[in-house]
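Structure file coords39.cif; described as mmCIF, C-alpha atoms and all ligand atoms.
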data_structure
loop_
_atom_site.group_PDB
_atom_site.id
_atom_site.type_symbol
_atom_site.label_atom_id
_atom_site.label_comp_id
_atom_site.auth_asym_id
_atom_site.auth_seq_id
_atom_site.Cartn_x
_atom_site.Cartn_y
_atom_site.Cartn_z
ATOM 1 C CA MET A 10 92.921 57.968 -72.385
ATOM 2 C CA LYS A 11 95.036 57.637 -75.542
ATOM 3 C CA LEU A 12 94.596 59.943 -78.496
ATOM 4 C CA MET A 13 92.627 58.226 -81.168
ATOM 5 C CA GLU A 14 93.904 59.388 -84.489
ATOM 6 C CA GLY A 15 97.062 61.414 -83.788
ATOM 7 C CA LEU A 16 98.429 63.918 -86.298
ATOM 8 C CA ASP A 17 95.730 63.262 -88.827
ATOM 9 C CA THR A 18 93.160 64.726 -86.479
ATOM 10 C CA ALA A 19 92.228 68.425 -86.590
ATOM 11 C CA VAL A 20 89.991 68.318 -83.514
ATOM 12 C CA GLU A 21 89.716 65.737 -80.808
ATOM 13 C CA LEU A 22 87.566 65.452 -77.702
ATOM 14 C CA VAL A 23 88.710 62.954 -75.098
ATOM 15 C CA SER A 24 86.311 61.939 -72.308
ATOM 16 C CA VAL A 25 84.606 65.332 -72.394
ATOM 17 C CA THR A 26 81.847 65.920 -69.879
ATOM 18 C CA LYS A 27 79.896 69.157 -69.592
ATOM 19 C CA LEU A 28 77.672 69.734 -66.607
ATOM 20 C CA TYR A 29 75.355 72.718 -66.367
ATOM 21 C CA ALA A 30 73.459 74.046 -63.365
ATOM 22 C CA HIS A 31 70.334 72.207 -62.162
ATOM 23 C CA GLY A 32 72.036 68.819 -62.617
ATOM 24 C CA VAL A 33 72.025 68.888 -66.432
ATOM 25 C CA THR A 34 74.644 66.642 -68.044
ATOM 26 C CA ALA A 35 74.867 68.118 -71.538
ATOM 27 C CA LEU A 36 77.866 65.970 -72.581
ATOM 28 C CA ASP A 37 78.607 62.661 -70.916
ATOM 29 C CA ASP A 38 82.120 61.250 -71.461
ATOM 30 C CA VAL A 39 82.327 62.075 -75.160
ATOM 31 C CA THR A 40 85.402 60.892 -77.076
ATOM 32 C CA ILE A 41 85.539 61.701 -80.775
ATOM 33 C CA GLY A 42 88.012 62.889 -83.422
ATOM 34 C CA PHE A 43 87.500 64.925 -86.592
ATOM 35 C CA ARG A 44 90.132 64.205 -89.234
ATOM 36 C CA HIS A 45 91.805 66.902 -91.319
ATOM 37 C CA GLY A 46 90.061 67.640 -94.580
ATOM 38 C CA THR A 47 86.807 65.886 -93.717
ATOM 39 C CA PHE A 48 83.221 67.099 -93.421
ATOM 40 C CA THR A 49 81.238 65.825 -90.424
ATOM 41 C CA ALA A 50 77.594 66.462 -89.581
ATOM 42 C CA VAL A 51 76.457 66.217 -85.956
ATOM 43 C CA MET A 52 72.833 65.213 -85.452
ATOM 44 C CA GLY A 53 70.570 64.204 -82.599
ATOM 45 C CA PRO A 54 67.250 65.004 -80.956
ATOM 46 C CA SER A 55 66.636 68.443 -79.459
ATOM 47 C CA GLY A 56 68.606 68.844 -76.223
ATOM 48 C CA SER A 57 70.984 65.955 -77.010
ATOM 49 C CA GLY A 58 74.066 68.191 -76.639
ATOM 50 C CA LYS A 59 74.959 69.103 -80.242
ATOM 51 C CA SER A 60 75.512 72.833 -79.678
ATOM 52 C CA THR A 61 77.327 72.134 -76.419
ATOM 53 C CA LEU A 62 79.651 69.753 -78.237
ATOM 54 C CA LEU A 63 80.449 72.401 -80.842
ATOM 55 C CA GLN A 64 80.888 75.170 -78.252
ATOM 56 C CA CYS A 65 83.251 73.025 -76.161
ATOM 57 C CA ALA A 66 85.188 71.890 -79.254
ATOM 58 C CA ALA A 67 85.592 75.526 -80.335
ATOM 59 C CA GLY A 68 86.672 76.768 -76.904
ATOM 60 C CA LEU A 69 83.574 78.991 -76.655
ATOM 61 C CA ASP A 70 82.453 77.017 -73.616
ATOM 62 C CA LYS A 71 84.572 75.144 -71.085
ATOM 63 C CA ALA A 72 84.305 71.396 -70.651
ATOM 64 C CA THR A 73 83.770 70.379 -67.020
ATOM 65 C CA SER A 74 86.277 67.554 -67.490
ATOM 66 C CA GLY A 75 88.181 65.863 -70.285
ATOM 67 C CA GLN A 76 90.426 67.236 -73.020
ATOM 68 C CA VAL A 77 89.711 69.191 -76.188
ATOM 69 C CA ARG A 78 92.556 69.267 -78.719
ATOM 70 C CA VAL A 79 92.698 71.550 -81.727
ATOM 71 C CA ASP A 80 95.785 71.214 -83.907
ATOM 72 C CA GLY A 81 97.218 69.017 -81.164
ATOM 73 C CA ARG A 82 96.869 71.700 -78.457
ATOM 74 C CA ASP A 83 94.711 71.045 -75.416
ATOM 75 C CA LEU A 84 92.295 73.992 -75.085
ATOM 76 C CA THR A 85 91.389 73.045 -71.533
ATOM 77 C CA SER A 86 94.937 73.719 -70.302
ATOM 78 C CA LEU A 87 95.409 77.125 -71.981
ATOM 79 C CA SER A 88 95.282 80.486 -70.219
ATOM 80 C CA GLU A 89 92.375 82.741 -71.214
ATOM 81 C CA ARG A 90 94.744 84.855 -73.338
ATOM 82 C CA LYS A 91 96.228 81.901 -75.218
ATOM 83 C CA LEU A 92 92.789 80.415 -75.695
ATOM 84 C CA THR A 93 91.566 83.696 -77.217
ATOM 85 C CA LEU A 94 94.510 83.707 -79.648
ATOM 86 C CA LEU A 95 94.012 80.072 -80.618
ATOM 87 C CA ARG A 96 90.287 80.659 -81.108
ATOM 88 C CA ARG A 97 90.956 83.728 -83.207
ATOM 89 C CA ASN A 98 93.603 82.143 -85.416
ATOM 90 C CA ARG A 99 92.804 78.453 -85.649
ATOM 91 C CA ILE A 100 89.043 78.137 -85.212
ATOM 92 C CA GLY A 101 86.296 79.409 -87.520
ATOM 93 C CA PHE A 102 82.660 79.471 -86.409
ATOM 94 C CA VAL A 103 79.483 80.272 -88.301
ATOM 95 C CA PHE A 104 76.037 80.490 -86.750
ATOM 96 C CA GLN A 105 72.467 80.262 -87.973
ATOM 97 C CA ALA A 106 72.208 84.063 -87.679
ATOM 98 C CA PHE A 107 74.988 85.392 -89.876
ATOM 99 C CA ASN A 108 76.192 87.935 -87.278
ATOM 100 C CA LEU A 109 77.579 90.379 -89.833
ATOM 101 C CA LEU A 110 78.005 94.041 -88.894
ATOM 102 C CA PRO A 111 75.351 95.897 -90.933
ATOM 103 C CA SER A 112 77.324 99.110 -91.374
ATOM 104 C CA LEU A 113 80.390 97.361 -92.827
ATOM 105 C CA THR A 114 80.844 96.118 -96.399
ATOM 106 C CA ALA A 115 81.384 92.445 -97.139
ATOM 107 C CA ALA A 116 85.144 93.043 -97.439
ATOM 108 C CA GLN A 117 85.236 94.968 -94.144
ATOM 109 C CA ASN A 118 83.270 92.211 -92.402
ATOM 110 C CA VAL A 119 85.714 89.612 -93.736
ATOM 111 C CA GLY A 120 88.652 91.723 -92.538
ATOM 112 C CA LEU A 121 87.248 92.010 -88.991
ATOM 113 C CA PRO A 122 89.229 89.110 -87.450
ATOM 114 C CA MET A 123 92.439 90.851 -88.541
ATOM 115 C CA ARG A 124 91.267 94.174 -87.079
ATOM 116 C CA LEU A 125 90.347 92.428 -83.824
ATOM 117 C CA ALA A 126 93.866 91.011 -83.739
ATOM 118 C CA GLY A 127 95.193 94.595 -84.069
ATOM 119 C CA ARG A 128 96.328 94.155 -87.673
ATOM 120 C CA ARG A 129 95.401 96.022 -90.815
ATOM 121 C CA PRO A 130 93.294 93.705 -92.978
ATOM 122 C CA ASP A 131 95.397 92.392 -95.857
ATOM 123 C CA ARG A 132 93.483 93.244 -99.050
ATOM 124 C CA ASP A 133 94.721 90.228 -100.973
ATOM 125 C CA VAL A 134 93.809 87.846 -98.171
ATOM 126 C CA VAL A 135 90.322 89.384 -97.906
ATOM 127 C CA ARG A 136 89.831 89.238 -101.676
ATOM 128 C CA HIS A 137 91.033 85.641 -101.770
ATOM 129 C CA SER A 138 88.650 84.705 -98.970
ATOM 130 C CA LEU A 139 85.698 86.343 -100.738
ATOM 131 C CA ALA A 140 86.692 84.601 -103.989
ATOM 132 C CA ALA A 141 86.754 81.244 -102.172
ATOM 133 C CA VAL A 142 83.043 81.695 -101.421
ATOM 134 C CA GLY A 143 82.237 83.058 -104.895
ATOM 135 C CA LEU A 144 81.612 86.660 -103.824
ATOM 136 C CA GLU A 145 84.580 88.573 -105.208
ATOM 137 C CA ASP A 146 82.170 90.861 -107.084
ATOM 138 C CA ARG A 147 80.237 91.776 -103.911
ATOM 139 C CA ALA A 148 83.133 93.084 -101.815
ATOM 140 C CA ASP A 149 81.649 96.582 -101.498
ATOM 141 C CA HIS A 150 78.089 95.498 -100.710
ATOM 142 C CA ARG A 151 76.651 95.883 -97.239
ATOM 143 C CA PRO A 152 74.765 92.915 -95.670
ATOM 144 C CA ALA A 153 71.337 94.488 -96.421
ATOM 145 C CA GLU A 154 72.299 94.503 -100.114
ATOM 146 C CA LEU A 155 72.978 90.748 -100.107
ATOM 147 C CA SER A 156 70.679 87.710 -100.061
ATOM 148 C CA GLY A 157 70.583 85.447 -96.987
ATOM 149 C CA GLY A 158 72.767 82.866 -98.705
ATOM 150 C CA GLN A 159 75.262 85.519 -99.769
ATOM 151 C CA GLN A 160 75.362 86.877 -96.212
ATOM 152 C CA GLN A 161 76.123 83.402 -94.892
ATOM 153 C CA ARG A 162 78.859 83.061 -97.502
ATOM 154 C CA VAL A 163 80.389 86.339 -96.260
ATOM 155 C CA ALA A 164 80.240 84.918 -92.716
ATOM 156 C CA ILE A 165 81.998 81.783 -93.988
ATOM 157 C CA ALA A 166 84.640 83.897 -95.755
ATOM 158 C CA ARG A 167 85.187 85.788 -92.495
ATOM 159 C CA ALA A 168 85.513 82.518 -90.578
ATOM 160 C CA LEU A 169 88.058 81.268 -93.130
ATOM 161 C CA VAL A 170 90.170 84.413 -93.379
ATOM 162 C CA THR A 171 92.665 83.220 -90.763
ATOM 163 C CA ARG A 172 92.904 79.787 -92.476
ATOM 164 C CA PRO A 173 91.581 77.967 -89.398
ATOM 165 C CA ALA A 174 92.302 74.326 -88.628
ATOM 166 C CA VAL A 175 88.557 73.760 -88.419
ATOM 167 C CA LEU A 176 85.353 75.484 -89.451
ATOM 168 C CA PHE A 177 82.415 74.839 -87.136
ATOM 169 C CA GLY A 178 78.850 75.570 -88.197
ATOM 170 C CA ASP A 179 75.917 75.518 -85.773
ATOM 171 C CA GLU A 180 72.896 75.118 -88.064
ATOM 172 C CA PRO A 181 74.565 77.302 -90.726
ATOM 173 C CA THR A 182 71.671 76.766 -93.141
ATOM 174 C CA GLY A 183 68.907 76.947 -90.524
ATOM 175 C CA ALA A 184 67.764 80.417 -91.641
ATOM 176 C CA LEU A 185 67.967 79.782 -95.388
ATOM 177 C CA ASP A 186 65.471 78.608 -98.003
ATOM 178 C CA THR A 187 65.958 75.343 -99.884
ATOM 179 C CA ASN A 188 67.883 76.698 -102.864
ATOM 180 C CA THR A 189 70.191 78.892 -100.815
ATOM 181 C CA THR A 190 70.742 76.063 -98.366
ATOM 182 C CA ARG A 191 71.961 73.940 -101.254
ATOM 183 C CA ASP A 192 74.383 76.663 -102.387
ATOM 184 C CA VAL A 193 75.887 77.008 -98.908
ATOM 185 C CA LEU A 194 76.194 73.220 -98.477
ATOM 186 C CA ARG A 195 77.866 72.910 -101.880
ATOM 187 C CA LEU A 196 80.262 75.640 -100.814
ATOM 188 C CA LEU A 197 81.133 73.803 -97.581
ATOM 189 C CA ARG A 198 81.606 70.588 -99.566
ATOM 190 C CA SER A 199 83.917 72.299 -102.053
ATOM 191 C CA LEU A 200 85.994 73.875 -99.257
ATOM 192 C CA VAL A 201 86.627 70.342 -98.009
ATOM 193 C CA ASP A 202 87.268 68.856 -101.463
ATOM 194 C CA LYS A 203 89.335 71.669 -102.964
ATOM 195 C CA HIS A 204 91.058 73.207 -99.950
ATOM 196 C CA ALA A 205 91.152 70.250 -97.530
ATOM 197 C CA GLN A 206 89.252 72.373 -94.980
ATOM 198 C CA THR A 207 87.981 70.478 -91.951
ATOM 199 C CA VAL A 208 84.275 71.195 -91.390
ATOM 200 C CA VAL A 209 82.043 70.145 -88.488
ATOM 201 C CA MET A 210 78.380 71.149 -88.764
ATOM 202 C CA VAL A 211 75.372 70.699 -86.515
ATOM 203 C CA THR A 212 72.165 70.242 -88.473
ATOM 204 C CA HIS A 213 68.616 68.988 -88.046
ATOM 205 C CA ASP A 214 68.244 68.363 -91.762
ATOM 206 C CA PRO A 215 69.035 64.865 -93.136
ATOM 207 C CA ALA A 216 69.438 66.319 -96.653
ATOM 208 C CA ALA A 217 72.075 68.730 -95.321
ATOM 209 C CA ALA A 218 73.831 65.942 -93.404
ATOM 210 C CA ALA A 219 74.074 63.964 -96.659
ATOM 211 C CA TYR A 220 76.669 66.482 -97.914
ATOM 212 C CA ALA A 221 79.038 65.319 -95.164
ATOM 213 C CA ASP A 222 81.505 62.416 -95.236
ATOM 214 C CA ARG A 223 80.254 61.188 -91.906
ATOM 215 C CA VAL A 224 77.325 61.775 -89.580
ATOM 216 C CA VAL A 225 77.803 61.478 -85.829
ATOM 217 C CA PHE A 226 74.648 60.918 -83.763
ATOM 218 C CA LEU A 227 74.202 62.197 -80.228
ATOM 219 C CA ALA A 228 71.526 61.237 -77.706
ATOM 220 C CA ASP A 229 71.418 62.347 -74.074
ATOM 221 C CA GLY A 230 74.902 63.827 -74.291
ATOM 222 C CA ARG A 231 76.508 60.618 -75.592
ATOM 223 C CA ILE A 232 77.718 59.549 -79.007
ATOM 224 C CA CYS A 233 75.322 56.823 -80.023
ATOM 225 C CA GLY A 234 76.354 55.974 -83.562
ATOM 226 C CA GLU A 235 77.920 57.058 -86.825
ATOM 227 C CA LEU A 236 77.148 56.789 -90.513
ATOM 228 C CA ALA A 237 79.810 56.985 -93.237
ATOM 229 C CA ASP A 238 78.980 58.282 -96.741
ATOM 230 C CA PRO A 239 75.449 59.133 -95.594
ATOM 231 C CA THR A 240 72.362 59.401 -97.765
ATOM 232 C CA ALA A 241 69.460 61.599 -96.663
ATOM 233 C CA GLU A 242 67.235 58.510 -96.400
ATOM 234 C CA ALA A 243 69.680 56.592 -94.188
ATOM 235 C CA VAL A 244 70.157 59.637 -91.935
ATOM 236 C CA ALA A 245 66.394 60.224 -91.678
ATOM 237 C CA SER A 246 65.678 56.636 -90.682
ATOM 238 C CA ARG A 247 68.481 56.669 -88.080
ATOM 239 C CA MET A 248 67.075 59.924 -86.639
ATOM 240 C CA LEU A 249 63.573 58.483 -86.524
ATOM 241 C CA ALA A 250 64.829 55.482 -84.561
ATOM 242 C CA LEU A 251 66.723 57.778 -82.175
ATOM 243 C CA GLU A 252 63.732 60.032 -81.583
ATOM 244 C CA GLU A 253 61.463 57.050 -80.928
ATOM 245 C CA SER A 254 63.869 55.648 -78.358
ATOM 246 C CA CYS A 255 64.148 58.994 -76.492
HETATM 247 N N1 LIG B 301 73.621 77.501 -70.349
HETATM 248 C C1 LIG B 301 72.938 76.410 -69.998
HETATM 249 N N2 LIG B 301 72.557 76.202 -68.722
HETATM 250 C C2 LIG B 301 71.884 75.092 -68.351
HETATM 251 N N3 LIG B 301 71.550 74.098 -69.202
HETATM 252 C C3 LIG B 301 71.928 74.244 -70.489
HETATM 253 C C4 LIG B 301 72.619 75.404 -70.972
HETATM 254 N N4 LIG B 301 72.837 75.247 -72.288
HETATM 255 C C5 LIG B 301 72.306 74.065 -72.649
HETATM 256 N N5 LIG B 301 71.752 73.460 -71.557
HETATM 257 C C6 LIG B 301 71.107 72.137 -71.534
HETATM 258 O O1 LIG B 301 72.060 71.193 -72.017
HETATM 259 C C7 LIG B 301 71.418 70.221 -72.817
HETATM 260 C C8 LIG B 301 72.052 70.206 -74.210
HETATM 261 O O2 LIG B 301 71.761 71.430 -74.856
HETATM 262 P P1 LIG B 301 72.236 71.745 -76.330
HETATM 263 O O3 LIG B 301 71.838 73.138 -76.652
HETATM 264 O O4 LIG B 301 73.674 71.386 -76.476
HETATM 265 O O5 LIG B 301 71.377 70.699 -77.175
HETATM 266 P P2 LIG B 301 71.111 70.621 -78.749
HETATM 267 O O6 LIG B 301 71.213 69.172 -79.116
HETATM 268 O O7 LIG B 301 72.003 71.572 -79.460
HETATM 269 O O8 LIG B 301 69.592 71.086 -78.834
HETATM 270 P P3 LIG B 301 68.754 71.764 -80.021
HETATM 271 O O9 LIG B 301 68.730 70.785 -81.160
HETATM 272 O O10 LIG B 301 67.384 71.939 -79.424
HETATM 273 O O11 LIG B 301 69.415 73.061 -80.377
HETATM 274 C C9 LIG B 301 69.930 70.572 -72.829
HETATM 275 O O12 LIG B 301 69.295 69.792 -71.842
HETATM 276 C C10 LIG B 301 69.916 72.043 -72.457
HETATM 277 O O13 LIG B 301 68.717 72.378 -71.797
#

Would you kindly transcribe this structure into structure tokens?
Amino acid sequence: MKLMEGLDTAVELVSVTKLYAHGVTALDDVTIGFRHGTFTAVMGPSGSGKSTLLQCAAGLDKATSGQVRVDGRDLTSLSERKLTLLRRNRIGFVFQAFNLLPSLTAAQNVGLPMRLAGRRPDRDVVRHSLAAVGLEDRADHRPAELSGGQQQRVAIARALVTRPAVLFGDEPTGALDTNTTRDVLRLLRSLVDKHAQTVVMVTHDPAAAAYADRVVFLADGRICGELADPTAEAVASRMLALEESC
């Protein structure tokens, strides 16, 4: 199948199918592109394949068939070593649980991807990354000394430290209260607006999805619709219709 959007596209899935054991089809012939410098929310009923889509797009899980392109490179054809390098350098991922190392300071956590790559963390790069998430004054704090929202911002800074082509978030605000959720969503929005970062986020929350440029809906492992310039109300009513038809 032809590529959909060419050079403008940071991430592209072409006819991706993911089968699990016990006859589960988690993704069923999914073709979708995520353009550079855009913010996309992925929504759908529980079990519709949202996390699987993100994991396959990020090279954390292997598609059973189809192609996954990041920065124009097909992840499915890379050796394990090359895939690890591409994942480390070009793909950022944040999870609902912040996954910070408790014994390390914020700056040390942000520098981890460089350490894992066998390099000494570059102080300026780490400071710049912490500044991008508004935490330059918390560099020496350990996770336990930070709020949940601040911890997630450190995780985002860590994911951004290699200047990835795309930042994926799997329910990045799922563990946060309403106010902190808003701060993190505003941060993601400003990374897109100010730094042309590409962001793809799974969420259950229509209000969170409304921060995105586009919402993609999944049902039973298939893309079943999209909404541009979403409002929380429009997303909620589309979700209601999807859940009723499941
Ligand atoms: N490792 C696995 N082995 C077998 N089946 C799996 C595995 N991971 C996910 N599945 C199945 O694949 C389907 C899609 O799961 P996935 O986690 O992607 O859905 P989701 O939309 O993210 O769900 P939720 O909103 O509940 O987190 C589900 O039917 C799930 O049970």

Dump the neighbourhood of ligand LIG 301 (chain B) as a count of residues only: all residues within 10 Å, distances computed on all atoms listed in the file. 35

Could you check which of A:Arg247, A:Ala219, A:Phe107, A:Glu242 is closest to A:Leu185, using all atoms listed in the file?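 Closest residue, counting all atoms listed in the file: A:Phe107.
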
Using the chain letters and residue numbers of this document, give as a PyMOL selection string the residues selected by the PyMOL selection byres (((chain A and resi 195-202) around 9) and not hetatm). chain A and resi 46-48+141-143+162+165+190-194+203-208+220-221

The PyMOL selection byres (((chain A and resi 156) around 12) and not hetatm) resolved against shown file, as a list in words: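 Taken over the shown coordinates, the PyMOL selection byres (((chain A and resi 156) around 12) and not hetatm) returns Phe107, Leu144, Arg147, His150, Arg151, Pro152, Ala153, Glu154, Leu155, Gly157, Gly158, Gln159, Gln160, Gln161, Arg162, Val163, Ala184, Leu185, Asp186, Asn188, Thr189, Thr190, Asp192 and Val193 of chain A.
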
Please provide as a list in words all residues within 12 Å of stretch 85-93 of chain A, with the sequence filter that same-chain residues fewer than 5 positions apart are discarded (counting all atoms listed in the file).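 Near neighbours after the sequence-gap exclusion: Glu21, Leu22, Val23, Val25, Cys65, Ala66, Ala67, Gly68, Leu69, Asp70, Lys71, Ala72, Thr73, Ser74, Gly75, Gln76, Val77, Arg78, Val79, Asn98, Arg99, Ile100, Pro122, Leu125 and Ala126 of chain A.
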
So which one's closest to A:Ile232, A:Asp38, A:Asp80, A:Asp131, A:Asp146? Using all atoms listed in the file, please. A:Asp38

Report, as lines of an AutoDock Vina configuration file, the centre and edge lengths in Å (one decimal) of the axis-aligned box enclosing every listed atom of stretch 116-130 of chain A, padded by 4 Å on each side.
center_x = 89.8
center_y = 92.6
center_z = -90.6
size_x = 21.1
size_y = 14.9
size_z = 21.7

Using the chain letters and numbers from the file, give me the residues hit by the PyMOL selection byres (((chain A and resi 118) around 12) and not hetatm), as a ChimeraX atom specification. /A:107-117,119-125,130,135-136,138-139,147-152,160-170

What is the atom CA of A:Phe177 to atom CA of A:Val20 distance in Å?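 Rounded to one decimal, the two atoms are 10.6 Å apart.
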
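When atom CA of A:Arg82 is paired with atom CA of A:Thr26, their separation reads 18.2 Å.
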